[in-house]
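Raw contents of start35.tsv, TSV, C-alpha atoms:
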chain	number	residue	atom	x	y	z
A	53	MET	CA	-22.11	-31.15	-7.76
A	54	LYS	CA	-18.44	-30.35	-8.19
A	55	ASN	CA	-16.09	-30.89	-5.31
A	56	PRO	CA	-14.33	-27.71	-4.16
A	57	ILE	CA	-10.77	-27.32	-5.36
A	58	ILE	CA	-8.26	-27.66	-2.54
A	59	PHE	CA	-5.30	-25.33	-2.84
A	60	GLN	CA	-2.11	-26.15	-1.02
A	61	ASN	CA	1.16	-24.30	-0.50
A	62	ILE	CA	0.60	-21.49	-3.00
A	63	PRO	CA	3.70	-19.26	-2.59
A	64	CYS	CA	2.55	-15.92	-1.21
A	65	THR	CA	4.55	-12.72	-0.70
A	66	LEU	CA	3.37	-9.76	1.35
A	67	VAL	CA	4.79	-6.40	0.17
A	68	THR	CA	4.33	-3.69	2.81
A	69	GLY	CA	5.48	-0.12	3.31
A	70	PHE	CA	4.25	3.22	4.61
A	71	LEU	CA	2.32	5.64	2.41
A	72	GLY	CA	4.44	6.78	-0.53
A	73	ALA	CA	7.33	4.41	0.21
A	74	GLY	CA	7.43	3.06	-3.35
A	75	LYS	CA	5.67	-0.29	-3.03
A	76	THR	CA	4.25	-0.15	-6.55
A	77	THR	CA	7.74	0.17	-8.03
A	78	VAL	CA	8.94	-2.91	-6.14
A	79	ILE	CA	5.76	-4.82	-7.08
A	80	ASN	CA	6.43	-4.07	-10.75
A	81	GLN	CA	10.03	-5.20	-10.33
A	82	LEU	CA	8.83	-8.46	-8.80
A	83	LEU	CA	6.28	-9.00	-11.58
A	84	ALA	CA	9.04	-8.46	-14.13
A	85	THR	CA	10.78	-11.58	-12.81
A	86	LYS	CA	7.78	-13.82	-13.53
A	87	PRO	CA	8.60	-16.79	-15.80
A	88	ASN	CA	6.49	-16.71	-18.96
A	89	ASP	CA	4.91	-20.08	-18.25
A	90	GLU	CA	3.71	-19.27	-14.73
A	91	ARG	CA	0.38	-17.79	-13.59
A	92	TRP	CA	0.63	-15.10	-10.90
A	93	ALA	CA	-1.98	-13.10	-9.03
A	94	LEU	CA	-1.80	-9.70	-7.34
A	95	LEU	CA	-4.16	-8.55	-4.58
A	96	ILE	CA	-4.14	-4.76	-4.12
A	97	ASN	CA	-5.70	-3.06	-1.11
A	98	GLU	CA	-6.54	0.58	-1.87
A	99	PHE	CA	-6.70	3.02	1.01
A	100	GLY	CA	-10.20	4.34	0.28
A	101	ARG	CA	-13.62	3.21	-0.80
A	102	ILE	CA	-13.19	4.13	-4.47
A	103	GLY	CA	-11.19	1.78	-6.69
A	104	ILE	CA	-8.83	3.97	-8.70
A	105	ASP	CA	-6.12	1.54	-9.79
A	106	GLY	CA	-8.75	-0.88	-11.07
A	107	ALA	CA	-10.39	1.89	-13.07
A	108	LEU	CA	-7.14	2.28	-14.99
A	109	LEU	CA	-7.29	-1.27	-16.32
A	110	THR	CA	-8.72	-0.76	-19.78
A	111	SER	CA	-9.76	-3.75	-21.82
A	112	SER	CA	-6.47	-3.67	-23.75
A	113	GLN	CA	-4.47	-3.56	-20.50
A	114	ALA	CA	-6.59	-6.33	-19.03
A	115	ASN	CA	-5.97	-8.43	-22.12
A	116	GLU	CA	-2.26	-7.72	-21.85
A	117	LEU	CA	-2.20	-8.83	-18.21
A	118	GLU	CA	-4.21	-11.91	-19.12
A	119	GLN	CA	-1.72	-12.73	-21.86
A	120	GLU	CA	1.06	-12.36	-19.30
A	121	ASN	CA	-0.81	-14.71	-16.94
A	122	ILE	CA	-1.20	-12.04	-14.24
A	123	ALA	CA	-4.55	-11.65	-12.47
A	124	ILE	CA	-5.28	-8.54	-10.39
A	125	ARG	CA	-7.99	-8.03	-7.80
A	126	GLU	CA	-8.64	-5.03	-5.54
A	127	VAL	CA	-10.03	-4.73	-2.04
A	128	SER	CA	-11.23	-1.23	-1.19
A	129	GLY	CA	-13.28	0.35	1.57
A	130	GLY	CA	-10.63	0.38	4.28
A	131	CYS	CA	-7.39	-1.42	4.90
A	132	ILE	CA	-7.65	-5.22	4.97
A	133	CYS	CA	-5.68	-5.39	8.21
A	134	CYS	CA	-8.21	-3.31	10.14
A	135	THR	CA	-11.59	-4.37	8.81
A	136	SER	CA	-13.33	-7.73	9.06
A	137	GLN	CA	-11.32	-10.63	7.73
A	138	LEU	CA	-14.11	-11.49	5.29
A	139	PRO	CA	-13.08	-9.11	2.45
A	140	LEU	CA	-9.53	-10.48	2.56
A	141	GLN	CA	-10.71	-14.09	2.68
A	142	ILE	CA	-13.15	-13.57	-0.19
A	143	ALA	CA	-10.58	-11.78	-2.36
A	144	ILE	CA	-7.89	-14.43	-1.84
A	145	SER	CA	-10.35	-17.29	-2.29
A	146	ARG	CA	-11.69	-15.80	-5.53
A	147	LEU	CA	-8.20	-15.24	-6.89
A	148	LEU	CA	-7.20	-18.82	-6.13
A	149	SER	CA	-10.41	-20.42	-7.44
A	150	ASP	CA	-10.89	-18.22	-10.51
A	151	HIS	CA	-7.30	-17.95	-11.71
A	152	HIS	CA	-5.42	-20.88	-10.14
A	153	PRO	CA	-2.23	-18.83	-9.69
A	154	GLN	CA	1.11	-20.44	-8.98
A	155	ARG	CA	2.14	-17.41	-6.93
A	156	LEU	CA	0.26	-14.68	-5.04
A	157	LEU	CA	1.47	-11.17	-4.19
A	158	ILE	CA	-0.41	-9.03	-1.67
A	159	GLU	CA	0.04	-5.25	-1.53
A	160	PRO	CA	-1.79	-3.71	1.47
A	161	THR	CA	-2.45	0.00	1.74
A	162	GLY	CA	0.25	2.12	3.34
A	163	LEU	CA	-2.16	2.72	6.23
A	164	ALA	CA	-2.20	-1.00	7.04
A	165	HIS	CA	-0.58	-2.19	10.25
A	166	PRO	CA	1.49	-5.19	9.12
A	167	ARG	CA	1.21	-7.00	12.47
A	168	GLU	CA	-2.57	-7.32	12.16
A	169	LEU	CA	-2.29	-8.57	8.59
A	170	ILE	CA	0.37	-11.08	9.64
A	171	LEU	CA	-2.02	-12.29	12.36
A	172	GLN	CA	-4.69	-12.89	9.72
A	173	LEU	CA	-2.39	-14.70	7.31
A	174	SER	CA	-1.08	-16.84	10.18
A	175	ALA	CA	-4.57	-18.16	10.89
A	176	PRO	CA	-5.04	-21.96	10.63
A	177	HIS	CA	-7.22	-21.85	7.52
A	178	TRP	CA	-4.39	-20.24	5.51
A	179	GLN	CA	-1.56	-22.42	6.79
A	180	THR	CA	-2.15	-25.19	4.27
A	181	ALA	CA	-3.44	-23.06	1.39
A	182	LEU	CA	-0.66	-20.45	1.41
A	183	LYS	CA	3.07	-20.89	1.74
A	184	MET	CA	4.00	-17.54	3.26
A	185	ASN	CA	7.38	-16.38	2.06
A	186	ALA	CA	9.47	-13.43	3.24
A	187	VAL	CA	7.57	-10.25	4.14
A	188	ILE	CA	9.13	-7.61	1.88
A	189	THR	CA	8.91	-4.04	3.20
A	190	VAL	CA	9.78	-0.91	1.25
A	191	LEU	CA	11.35	2.08	3.04
A	192	SER	CA	11.94	5.50	1.45
A	193	GLY	CA	15.18	7.22	2.43
A	194	GLU	CA	13.54	10.57	1.69
A	195	GLN	CA	10.75	9.86	4.15
A	196	TRP	CA	13.11	8.55	6.82
A	197	GLN	CA	14.98	11.86	6.84
A	198	GLN	CA	11.84	13.55	8.20
A	199	ILE	CA	11.09	13.27	11.92
A	200	LYS	CA	7.34	13.07	11.33
A	201	TYR	CA	7.89	9.74	9.58
A	202	ARG	CA	10.65	8.02	11.54
A	203	ASP	CA	9.03	8.89	14.90
A	204	HIS	CA	5.61	7.70	13.74
A	205	ASP	CA	4.65	4.34	15.27
A	206	GLY	CA	2.87	3.25	12.10
A	207	TYR	CA	6.03	3.96	10.10
A	208	GLN	CA	8.20	2.01	12.54
A	209	ALA	CA	5.73	-0.89	12.56
A	210	HIS	CA	6.54	-1.72	8.95
A	211	VAL	CA	10.22	-2.08	9.83
A	212	ARG	CA	9.55	-4.19	12.92
A	213	ASP	CA	7.50	-6.72	10.97
A	214	ALA	CA	9.74	-7.16	7.93
A	215	ASP	CA	11.86	-10.12	6.88
A	216	VAL	CA	13.41	-8.10	4.06
A	217	LEU	CA	13.74	-4.32	3.88
A	218	ILE	CA	14.16	-2.67	0.47
A	219	ILE	CA	15.59	0.85	0.86
A	220	ASN	CA	14.95	3.17	-2.08
A	221	ARG	CA	15.17	6.92	-2.80
A	222	TYR	CA	18.36	7.25	-0.79
A	223	VAL	CA	20.66	9.00	-3.28
A	224	GLN	CA	20.57	12.20	-1.21
A	225	LEU	CA	21.89	10.39	1.89
A	226	ASP	CA	25.63	10.62	2.55
A	227	THR	CA	27.67	7.77	4.01
A	228	SER	CA	27.15	8.80	7.64
A	229	GLU	CA	23.39	9.20	7.15
A	230	LYS	CA	23.18	5.74	5.62
A	231	GLN	CA	24.98	4.35	8.66
A	232	VAL	CA	22.57	6.13	11.00
A	233	LEU	CA	19.66	4.72	8.97
A	234	VAL	CA	21.02	1.18	9.30
A	235	GLU	CA	21.47	1.64	13.05
A	236	TRP	CA	17.89	2.95	13.35
A	237	ILE	CA	16.60	-0.10	11.44
A	238	THR	CA	18.67	-2.52	13.53
A	239	LYS	CA	17.27	-1.14	16.79
A	240	LEU	CA	13.76	-1.87	15.53
A	241	ASN	CA	14.52	-5.21	13.86
A	242	SER	CA	17.94	-6.77	14.26
A	243	GLN	CA	17.05	-9.81	12.10
A	244	VAL	CA	15.88	-8.00	8.97
A	245	LYS	CA	17.77	-8.41	5.70
A	246	ILE	CA	18.58	-5.00	4.18
A	247	ILE	CA	18.71	-4.54	0.40
A	248	TRP	CA	19.56	-1.19	-1.15
A	249	SER	CA	17.51	-0.65	-4.28
A	250	VAL	CA	19.43	0.00	-7.49
A	251	SER	CA	16.43	1.17	-9.48
A	252	GLY	CA	17.29	4.31	-11.40
A	253	LEU	CA	20.92	4.36	-10.23
A	254	THR	CA	24.12	4.10	-12.20
A	255	ALA	CA	26.38	1.12	-11.64
A	256	SER	CA	28.86	3.21	-9.67
A	257	GLU	CA	26.13	4.46	-7.30
A	258	ALA	CA	24.73	0.98	-6.91
A	259	THR	CA	28.04	-0.67	-6.09
A	260	ASP	CA	28.88	2.11	-3.64
A	261	SER	CA	25.77	1.55	-1.53
A	262	SER	CA	24.26	-1.81	-2.39
A	263	GLU	CA	24.89	-5.43	-1.60
A	264	VAL	CA	25.17	-5.98	-5.34
A	265	HIS	CA	28.68	-5.36	-6.72
A	266	SER	CA	30.40	-5.28	-10.10
A	267	SER	CA	34.06	-5.30	-11.06
A	268	ASP	CA	33.58	-2.78	-13.83
A	269	VAL	CA	31.23	0.00	-12.67
A	270	HIS	CA	31.50	1.88	-15.96
A	271	SER	CA	30.10	-0.83	-18.21
A	272	SER	CA	27.91	-3.04	-16.04
A	273	ASP	CA	24.72	-1.05	-15.33
A	274	SER	CA	22.62	-3.83	-16.85
A	275	LEU	CA	24.52	-6.49	-14.92
A	276	VAL	CA	23.87	-4.64	-11.64
A	277	ALA	CA	20.18	-4.27	-12.51
A	278	ASP	CA	19.97	-7.97	-13.38
A	279	ALA	CA	21.69	-8.93	-10.13
A	280	TYR	CA	19.30	-6.73	-8.14
A	281	SER	CA	16.33	-8.29	-9.95
A	282	LYS	CA	17.62	-11.76	-9.10
A	283	THR	CA	18.08	-10.72	-5.47
A	284	LEU	CA	14.45	-9.56	-5.33
A	285	ASN	CA	13.24	-12.75	-6.97
A	286	ASP	CA	15.19	-14.87	-4.49
A	287	GLN	CA	13.34	-13.22	-1.59
A	288	MET	CA	10.04	-14.54	-2.94
A	289	ASN	CA	11.28	-18.06	-2.31
A	290	GLN	CA	12.63	-17.48	1.19
A	291	PRO	CA	10.38	-18.58	4.08
A	292	SER	CA	9.08	-15.85	6.38
A	293	SER	CA	10.47	-16.10	9.90
A	294	ILE	CA	8.05	-13.35	11.01
A	295	ILE	CA	4.98	-15.35	9.95
A	296	SER	CA	6.49	-18.67	11.01
A	297	ASN	CA	7.02	-17.33	14.53
A	298	GLN	CA	3.46	-15.99	14.61
A	299	ARG	CA	2.07	-19.35	13.52
A	300	LYS	CA	3.96	-21.01	16.38
A	301	VAL	CA	2.31	-18.54	18.75
A	302	ASN	CA	-1.08	-19.38	17.25
A	303	ILE	CA	-0.49	-23.10	17.79
A	304	ALA	CA	0.72	-22.62	21.36
A	305	HIS	CA	-2.00	-20.11	22.29
A	306	PRO	CA	-4.93	-20.61	19.87
A	307	LYS	CA	-7.51	-18.90	22.12
A	308	LYS	CA	-5.30	-15.88	22.69
A	309	SER	CA	-4.70	-15.55	18.95
A	310	MET	CA	-8.41	-15.70	18.14
A	311	ILE	CA	-9.25	-13.20	20.89
A	312	GLY	CA	-6.66	-10.82	19.46
A	313	LEU	CA	-8.18	-11.01	16.02
A	314	GLN	CA	-11.72	-10.63	17.38
A	315	SER	CA	-10.88	-7.61	19.52
A	316	GLN	CA	-9.08	-6.06	16.55
A	317	ALA	CA	-12.21	-6.48	14.42
A	318	ASN	CA	-14.64	-5.31	17.11
A	319	SER	CA	-12.66	-2.13	17.76
A	320	LEU	CA	-13.42	-0.59	14.37
A	321	SER	CA	-16.65	0.91	13.15
A	322	THR	CA	-16.04	-0.24	9.57
A	323	VAL	CA	-16.45	-3.93	10.45
A	324	PRO	CA	-19.63	-5.46	8.99
A	325	SER	CA	-22.05	-6.78	11.59
A	326	SER	CA	-22.38	-10.51	12.06
A	327	SER	CA	-25.64	-10.34	10.12
A	328	ALA	CA	-24.06	-8.61	7.13
A	329	SER	CA	-25.10	-10.19	3.87
A	330	THR	CA	-22.75	-11.89	1.46
A	331	ASP	CA	-23.49	-9.12	-1.01
A	332	GLU	CA	-22.31	-6.47	1.47
A	333	THR	CA	-19.09	-8.36	2.12
A	334	GLU	CA	-18.52	-8.93	-1.59
A	335	ALA	CA	-18.97	-5.18	-2.15
A	336	GLN	CA	-15.99	-4.50	0.12
A	337	ALA	CA	-13.89	-6.94	-1.89
A	338	ASN	CA	-15.02	-5.44	-5.19
A	339	PRO	CA	-14.48	-1.68	-5.49
A	340	GLN	CA	-16.60	-1.44	-8.61
A	341	THR	CA	-19.75	-2.13	-6.55
A	342	SER	CA	-18.75	-0.56	-3.23
A	343	ALA	CA	-19.45	3.10	-4.08
A	344	ASP	CA	-22.82	4.67	-4.76
A	345	SER	CA	-24.02	4.39	-8.35
A	346	ASP	CA	-25.53	7.89	-8.14
A	347	LEU	CA	-23.00	10.53	-9.13
A	348	PRO	CA	-21.55	12.81	-7.98
A	349	TYR	CA	-20.57	10.82	-4.87
A	350	ARG	CA	-18.32	11.79	-1.96
A	351	TYR	CA	-17.25	10.19	1.31
A	352	HIS	CA	-14.88	11.08	4.14
A	353	GLU	CA	-13.72	9.16	7.20
A	354	GLU	CA	-10.91	8.86	9.71
A	355	GLN	CA	-8.42	6.00	10.02
A	356	GLN	CA	-5.80	6.16	12.78
A	357	ASP	CA	-4.50	9.75	12.65
A	358	PHE	CA	-5.42	10.29	9.01
A	359	GLN	CA	-8.47	11.66	7.25
A	360	LEU	CA	-9.56	10.07	3.98
A	361	ALA	CA	-11.85	11.59	1.39
A	362	GLY	CA	-12.90	10.60	-2.09
A	363	TRP	CA	-15.09	11.74	-4.97
A	364	ARG	CA	-16.64	10.08	-8.02
A	365	LEU	CA	-17.89	12.47	-10.69
A	366	PRO	CA	-19.73	11.90	-13.98
A	367	ALA	CA	-17.46	11.60	-16.99
A	368	HIS	CA	-18.95	14.72	-18.59
A	369	TYR	CA	-17.69	16.88	-15.70
A	370	ILE	CA	-14.51	18.48	-17.05
A	371	LEU	CA	-12.24	20.13	-14.46
A	372	ASN	CA	-9.70	22.85	-15.14
A	373	ALA	CA	-6.37	20.97	-15.01
A	374	ASP	CA	-4.18	23.75	-13.59
A	375	ASP	CA	-6.74	24.89	-11.02
A	376	LEU	CA	-7.33	21.30	-9.91
A	377	GLN	CA	-3.64	20.70	-9.28
A	378	ASN	CA	-3.30	23.97	-7.37
A	379	TRP	CA	-6.36	23.13	-5.27
A	380	LEU	CA	-5.08	19.66	-4.42
A	381	LEU	CA	-1.61	20.88	-3.46
A	382	ALA	CA	-3.14	23.55	-1.19
A	383	LEU	CA	-4.98	20.96	0.93
A	384	PRO	CA	-3.68	20.83	4.54
A	385	ASN	CA	-1.16	18.15	5.53
A	386	TRP	CA	-1.86	15.97	2.49
A	387	GLN	CA	0.05	12.69	2.39
A	388	ARG	CA	-1.31	10.99	-0.72
A	389	ILE	CA	-3.48	12.04	-3.64
A	390	LYS	CA	-4.61	9.61	-6.34
A	391	GLY	CA	-7.08	10.07	-9.13
A	392	VAL	CA	-8.28	9.51	-12.66
A	393	VAL	CA	-9.92	12.76	-13.74
A	394	HIS	CA	-11.43	14.26	-16.89
A	395	THR	CA	-9.64	17.63	-17.17
A	396	SER	CA	-9.22	20.46	-19.64
A	397	ASP	CA	-6.00	18.69	-20.70
A	398	GLY	CA	-7.83	15.41	-21.29
A	399	TRP	CA	-8.16	12.35	-19.07
A	400	MET	CA	-5.34	12.39	-16.51
A	401	GLN	CA	-3.99	9.99	-13.93
A	402	ILE	CA	-2.85	11.80	-10.77
A	403	ASN	CA	-0.43	10.22	-8.31
A	404	PHE	CA	0.98	12.65	-5.72
A	405	ASN	CA	3.00	12.01	-2.60
A	406	PRO	CA	5.18	14.58	-0.78
A	407	GLY	CA	8.27	13.39	-2.63
A	408	SER	CA	6.78	13.02	-6.11
A	409	LEU	CA	4.10	14.69	-8.23
A	410	THR	CA	3.16	12.52	-11.20
A	411	THR	CA	0.53	13.00	-13.88
A	412	ARG	CA	0.03	11.25	-17.19
A	413	THR	CA	-2.61	11.09	-19.88
A	414	ILE	CA	-4.81	7.98	-19.97
A	415	ASP	CA	-7.65	6.51	-21.99
A	416	PRO	CA	-11.16	7.85	-21.30
A	417	GLN	CA	-12.81	6.35	-18.21
A	418	THR	CA	-16.41	5.69	-17.24
A	419	ASP	CA	-16.19	8.36	-14.50
A	420	SER	CA	-13.70	10.59	-12.67
A	421	ARG	CA	-12.30	9.35	-9.35
A	422	LEU	CA	-10.25	11.22	-6.78
A	423	GLU	CA	-9.02	10.19	-3.32
A	424	ILE	CA	-6.85	12.00	-0.78
A	425	ILE	CA	-5.24	11.28	2.59
A	426	LEU	CA	-4.65	14.10	5.04
A	427	GLN	CA	-2.60	13.69	8.21
A	428	LEU	CA	-4.21	15.10	11.32
A	429	GLY	CA	-2.08	17.58	13.26
A	430	ASN	CA	1.50	18.70	12.81
A	431	THR	CA	4.52	16.80	14.07
A	432	VAL	CA	6.80	18.75	16.42
A	433	ASP	CA	10.60	18.38	16.40
A	434	THR	CA	11.27	15.90	19.21
A	435	ASN	CA	14.67	17.45	19.86
A	436	ALA	CA	13.21	20.85	20.58
A	437	VAL	CA	10.70	20.34	23.37
A	438	ASP	CA	9.77	17.99	26.16
A	439	LYS	CA	8.16	14.71	25.07
A	440	ALA	CA	5.05	15.18	27.21
A	441	THR	CA	4.51	18.69	25.88
A	442	GLU	CA	4.91	17.42	22.32
A	443	LYS	CA	2.26	14.77	22.83
A	444	SER	CA	-0.21	17.27	24.25
A	445	GLU	CA	0.43	19.77	21.45
A	446	ALA	CA	0.20	17.08	18.78
A	447	GLU	CA	-3.16	15.90	20.16
A	448	ASN	CA	-4.48	19.47	20.21
A	449	ASP	CA	-3.24	20.05	16.66
A	450	ALA	CA	-4.94	16.84	15.50
A	451	LYS	CA	-8.26	17.87	17.02
A	452	ALA	CA	-7.95	21.35	15.56
A	453	SER	CA	-7.16	20.01	12.09
A	454	SER	CA	-10.13	17.68	12.27
A	455	VAL	CA	-12.44	20.61	13.07
A	456	LEU	CA	-10.97	22.94	10.48
A	457	ILE	CA	-11.54	20.61	7.52
A	458	ASP	CA	-14.94	21.62	6.11
A	459	TRP	CA	-15.81	18.88	3.63
A	460	GLU	CA	-18.89	20.69	2.37
A	461	GLU	CA	-16.67	23.65	1.52
A	462	CYS	CA	-14.25	21.24	-0.20
A	463	ASP	CA	-17.16	19.95	-2.28
A	464	ARG	CA	-18.08	23.49	-3.33
A	465	GLU	CA	-14.46	24.33	-4.19
A	466	LEU	CA	-14.07	21.17	-6.27
A	467	MET	CA	-17.35	21.74	-8.11
A	468	ALA	CA	-16.23	25.31	-8.84
A	469	LEU	CA	-13.39	23.80	-10.91
A	470	VAL	CA	-15.85	22.15	-13.30
A	471	ILE	CA	-15.80	23.93	-16.64
Represent the supplied structure as structure tokens.
Amino acid sequence: MKNPIIFQNIPCTLVTGFLGAGKTTVINQLLATKPNDERWALLINEFGRIGIDGALLTSSQANELEQENIAIREVSGGCICCTSQLPLQIAISRLLSDHHPQRLLIEPTGLAHPRELILQLSAPHWQTALKMNAVITVLSGEQWQQIKYRDHDGYQAHVRDADVLIINRYVQLDTSEKQVLVEWITKLNSQVKIIWSVSGLTASEATDSSEVHSSDVHSSDSLVADAYSKTLNDQMNQPSSIISNQRKVNIAHPKKSMIGLQSQANSLSTVPSSSASTDETEAQANPQTSADSDLPYRYHEEQQDFQLAGWRLPAHYILNADDLQNWLLALPNWQRIKGVVHTSDGWMQINFNPGSLTTRTIDPQTDSRLEIILQLGNTVDTNAVDKATEKSEAENDAKASSVLIDWEECDRELMALVI
């Protein structure tokens, strides 16, 4: 019988951010800094029950990632901060034992509350296995401009629990707006390190608004990009004060910490019962086995003040591409739409958020997959009416939206798009 492998001090970086903030871009930038001779692993938590990102990994892409010494694993079926700790523990343990990475990156869903995830990763059983480095949080300047985001507690939570804040998509902000943004951040987290992304900017734009500077803005775009990349890479080696402080709390008040985690788990209906089988828990950590094998398949559920829905359809179902896009964009209060779908224009990857609509052709898949997030209710301008009235109206709007969404009708409308 083989003795279990003991892992110690594996550098681990948590990359958080609200829905549509641009976490994937930053993750890719971090992966680009990987030395050729190192093995890295990436744990992705998708917001729904259906694994879409994993479905995009064709054999050639998987081989390419393997050649680059990058292992990827998904956890679906709810955010890993809110459900039982078992899916997270299993996914991390499998990544460490199967791939022996020298560094681990964790990307939770944008619905995740970072404080709960930090509580989990501060638990005693991870303190020797993982060396938790700076919590990197991504913030979109476009989102911050909208009241419904910056006044949302879940949006603010990502800022409060960040060691490093990467600000992107801020080109439209003028100097005074950038200053107001910094002041807003500082009120929530005075200790956070702010880095202005230079991705997609010219050297002159980067040096005007970033910590990275160049003496010749007309000829040093690549130098600025390299400096920004180095700055990102450096953050992966900085210790996390957020997690360090939480671990000190856990040591000083171990019972209180465990009660907090237990009450968090017990408060959600998606937590497996104590008698749940290993197979059921493994299914949550492996999206390929977590959805029904009988197609077509659809689910819908509520998380916080969002509604989630997803579909898996047989590969031979071909949907009209234009009608599908129009139908998706007409959904009420949508916040995120992801999919891999067989359409009249071929197999397409769909990635929509309110600030970006992206589609691209992909290789044929084993089935079509589509997931959406709808926000319940409409946010009212906090400068226009009394706070108490706003809260009451927002609650009424949320209840009304929940009632008005007829998922059976959505099923019929989607099936009507099949050619």
Checklist entry - Contacts of stretch 388-395 of chain A at 9 Å or less, counting only C-alpha atoms, minus same-chain residues fewer than 5 places along, as a ChimeraX atom specification? => result /A:71-72,104-105,107-108,365,367-374,376,380,400-406,414,416-417,419-426,470-471
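You will find atom CA of A:His165 at 27.2 Å from atom CA of A:Ser149.
Distances here use only C-alpha atoms; by that measure, the residue among A:Asp278, A:Asp273, A:Glu461, A:Glu126 closest to A:Ala84 is A:Asp278.
Distance check against A:His210 using only C-alpha atoms: of A:Trp379, A:Phe70, A:Trp363, A:Trp459, the minimum falls on A:Phe70.
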Next on the checklist: List the spatial neighbours of A:His177 as a VMD selection string - criterion: any atom at most 10 Å away, all atoms listed in the file, same-chain residues fewer than 5 positions off excluded.
Outcome noted: chain A and resid 141 172 182
Given the selection you just returned, output its residues as a file containing C-alpha atoms, formatted as a PDB file, in the coordinates of the input.
ATOM      1  CA  GLN A 141     -10.710 -14.090   2.680  1.00  0.00           C
ATOM      2  CA  GLN A 172      -4.690 -12.890   9.720  1.00  0.00           C
ATOM      3  CA  LEU A 182      -0.660 -20.450   1.410  1.00  0.00           C
TER       4      LEU A 182
END
